[in-house]
Structures are given as structure tokens and as C-alpha cells.
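Visitor: The structure file input27.txt (compact mmCIF, C-alpha atoms) is provided below.
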# COMPACT_ATOMS: atom_id res chain seq x y z
CA MET A 1 0.00 0.00 0.00
CA LYS A 2 2.84 2.40 0.84
CA LYS A 3 4.44 1.69 -2.54
CA LEU A 4 1.18 2.45 -4.31
CA LEU A 5 0.78 5.77 -2.47
CA LEU A 6 4.38 6.68 -3.26
CA LEU A 7 3.85 5.83 -6.92
CA VAL A 8 0.68 7.96 -7.07
CA ALA A 9 2.50 10.87 -5.40
CA LEU A 10 5.42 10.63 -7.82
CA LEU A 11 3.08 10.50 -10.82
CA GLY A 12 1.31 13.60 -9.47
CA LEU A 13 4.61 15.47 -9.15
CA PHE A 14 5.66 14.40 -12.63
CA ALA A 15 2.37 15.52 -14.16
CA THR A 16 2.63 19.00 -12.61
CA ALA A 17 6.30 19.32 -13.60
CA CYS A 18 5.63 18.65 -17.30
CA LYS A 19 5.89 21.57 -19.65
CA LYS A 20 2.94 22.37 -21.91
CA ASP A 21 2.92 23.85 -25.39
CA THR A 22 1.00 27.11 -25.23
CA ASP A 23 -0.12 29.32 -28.11
CA VAL A 24 0.53 33.02 -27.57
CA SER A 25 -0.89 35.23 -30.30
CA ALA A 26 -0.42 38.90 -31.00
CA SER A 27 -3.50 40.58 -32.46
CA MET A 28 -2.22 43.66 -34.26
CA THR A 29 -3.96 46.94 -35.02
CA TRP A 30 -2.05 49.11 -37.51
CA ASN A 31 -2.42 52.91 -37.25
CA ASP A 32 -1.23 54.93 -40.25
CA SER A 33 0.25 58.04 -38.63
CA GLN A 34 1.24 59.38 -42.07
CA HIS A 35 4.48 60.59 -40.52
CA PHE A 36 6.47 57.52 -41.50
CA ASP A 37 6.87 55.47 -44.64
CA LEU A 38 7.51 52.23 -42.81
CA LYS A 39 5.80 49.56 -44.88
CA ASP A 40 8.44 46.81 -45.03
CA LYS A 41 10.84 45.18 -42.55
CA TRP A 42 8.35 44.63 -39.71
CA LYS A 43 8.95 41.83 -37.22
CA VAL A 44 7.15 40.52 -34.15
CA CYS A 45 9.08 38.71 -31.45
CA ILE A 46 8.41 37.14 -28.08
CA TYR A 47 10.69 37.34 -25.03
CA GLU A 48 10.58 35.45 -21.76
CA GLY A 49 9.93 37.80 -18.84
CA ALA A 50 8.33 41.21 -18.43
CA ILE A 51 10.74 43.50 -20.27
CA THR A 52 10.10 47.24 -20.48
CA PHE A 53 12.96 48.12 -22.87
CA ILE A 54 13.65 51.26 -20.83
CA SER A 55 17.22 50.49 -19.80
CA ASP A 56 19.99 49.75 -22.28
CA SER A 57 20.52 46.28 -20.80
CA ASP A 58 16.94 45.29 -21.76
CA PHE A 59 18.05 45.27 -25.40
CA ASP A 60 20.60 42.53 -24.62
CA ASN A 61 17.78 39.99 -24.12
CA SER A 62 17.38 37.38 -26.85
CA ALA A 63 13.96 36.75 -28.34
CA LEU A 64 12.58 33.21 -28.08
CA GLU A 65 11.18 33.55 -31.59
CA THR A 66 10.91 36.25 -34.27
CA ILE A 67 8.33 36.29 -37.07
CA ASN A 68 8.40 38.50 -40.18
CA THR A 69 5.16 40.41 -40.74
CA THR A 70 3.73 43.13 -42.95
CA VAL A 71 1.66 46.25 -42.36
CA GLY A 72 -1.98 45.19 -42.19
CA ALA A 73 -1.38 41.62 -40.97
CA SER A 74 -3.97 40.85 -38.30
CA SER A 75 -2.00 38.48 -36.08
CA VAL A 76 0.95 36.17 -35.50
CA VAL A 77 1.09 33.08 -33.28
CA PHE A 78 4.00 31.82 -31.18
CA THR A 79 4.10 28.42 -29.49
CA VAL A 80 6.01 28.48 -26.22
CA ASN A 81 6.68 25.61 -23.84
CA PHE A 82 6.68 26.10 -20.06
CA LYS A 83 5.41 24.59 -16.79
CA SER A 84 2.92 26.90 -15.07
CA PHE A 85 2.74 30.69 -15.21
CA GLU A 86 5.27 32.81 -17.05
CA ASN A 87 5.60 36.46 -18.05
CA TYR A 88 6.15 37.10 -21.75
CA THR A 89 6.80 40.28 -23.69
CA VAL A 90 5.70 40.67 -27.31
CA VAL A 91 7.32 43.37 -29.43
CA ALA A 92 6.27 44.46 -32.92
CA PHE A 93 9.01 46.58 -34.46
CA PHE A 94 10.36 48.11 -37.65
CA ASP A 95 13.77 46.53 -38.20
CA ILE A 96 15.69 49.58 -39.48
CA ASN A 97 19.09 47.92 -39.78
CA GLY A 98 17.77 44.50 -40.87
CA ASN A 99 19.57 42.55 -38.13
CA GLY A 100 16.38 40.72 -37.08
CA LYS A 101 16.47 41.99 -33.49
CA TYR A 102 14.75 44.83 -31.68
CA ASP A 103 17.29 47.62 -31.17
CA LYS A 104 17.07 50.88 -29.27
CA GLY A 105 15.58 53.62 -31.45
CA GLU A 106 13.50 51.35 -33.70
CA ASN A 107 9.79 52.14 -34.02
CA ALA A 108 7.96 49.57 -31.87
CA ALA A 109 4.95 48.56 -29.81
CA VAL A 110 5.72 46.60 -26.62
CA LYS A 111 3.26 44.59 -24.50
CA PHE A 112 3.83 42.10 -21.66
CA GLU A 113 1.44 39.80 -19.82
CA THR A 114 1.37 36.73 -17.61
CA VAL A 115 0.51 33.55 -19.49
CA GLU A 116 -0.79 30.29 -17.99
CA ALA A 117 0.69 27.06 -19.37
CA GLY A 118 -1.69 25.28 -21.72
CA GLU A 119 -4.05 28.29 -21.97
CA ALA A 120 -4.07 30.12 -25.31
CA THR A 121 -3.38 33.83 -24.74
CA SER A 122 -3.69 36.84 -27.01
CA PHE A 123 -1.82 40.12 -26.73
CA ASP A 124 -3.52 43.16 -28.33
CA ILE A 125 -0.90 45.44 -29.86
CA SER A 126 -1.50 48.83 -31.47
CA ILE A 127 1.28 49.80 -33.89
CA ASP A 128 1.89 53.27 -35.38
CA TYR A 129 3.63 53.29 -38.74
Can you dump the structure from the file as C-alpha cells?

Guide:
Amino acid sequence: MKKLLLLVALLGLFATACKKDTDVSASMTWNDSQHFDLKDKWKVCIYEGAITFISDSDFDNSALETINTTVGASSVVFTVNFKSFENYTVVAFFDINGNGKYDKGENAAVKFETVEAGEATSFDISIDY
């Protein structure tokens, strides 16, 4: 009986420790400010953690995934894998220098939220171009 209880307890721990694939989407609203001619070179990326991109060191973070997009696209979807709750930051940006990474000074919209493992989550992002 003790072995059975131990086995059930271990299975319970294993089940809660398993990572789950989770879809995180970014629903994008594009606002033509008519001040910029920024039609090409847009990217959307997802970072682990709540990143404000206020300090210079924030730009040293590496994106988990980056997706090319175009003005007018309605959404992109990332699939991330984690155990329980995690903060993620989604950034839509105009890649001025074409290096594929969000750099200081690039036109961007930044949004971060807490995501629950296994629960599809959508970020609403408003982008001025």
C-alpha cells in the first residue's frame, strides 16, 4: 500500500512538472500616422519575462522567436513551452538595420502579460507606422 501511495504521489509530481505547449498570439492593429513610410521590414518577437525596454541592458535579451510580418497583418502566433505561469513580452518593431532583433531607437509597440501554461493567450498590440 505504501508503494502504491508513493507511486501515485510521484506521478502527481511528474504531471505537474511537465511543460505544456502554449499558443501566444499577438492581435495587431495598424495605425497609419502618415508621418512615417515604414511599410516593409516589420517583425514581431516574443521574449521570456516582463521586459520594459527602458534600460539599455533590456536590449541585450534574446527573443525566443521572431516572425516577419507586414503592415496590415492581423495576427501572428507563437508556441512556447513552459510549466505553469510565465511572463512574456511581445514586441512588434520596424527593423531599421535589418539585423532581425529589436534595437534601441527602432519604431515599436511593446506589451507584456502573464501567461498560464496550456491556456491560449492573445496580446492586443497597437502599432503606429

Visitor: Between A:Thr52, A:Ile127, A:Leu38, A:Glu116, single out the one closest to A:Ser84, counting all atoms listed in the file.

Guide: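 Residue with the minimum atom-to-atom distance to A:Ser84: A:Glu116.
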
Visitor: Restricting the calculation to all atoms listed in the file: of A:Asp124, A:Asp32, A:Asp40, A:Glu119, which residue gets closest to A:Thr79?

Guide: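 For A:Thr79, the nearest of the given residues is A:Glu119.
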
Visitor: Calculated over all atoms listed in the file, which of the candidates A:Trp30, A:Phe82, A:Phe94, A:Tyr88 has the smallest distance to A:Trp42?

Guide: A:Phe94

Visitor: Can you tell me which residues surround A:Ile125 at a distance of at most 12 Å, considering all atoms listed in the file, apart from same-chain residues fewer than 4 positions away, and format the answer as a count of residues only?

Guide: 23

Visitor: Here is a test: counting only C-alpha atoms, which residue of A:Thr69, A:Ser126, A:Asn81, A:Thr121 is nearest to A:Lys39?

Guide: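 Closest to A:Lys39, using only C-alpha atoms: A:Thr69.
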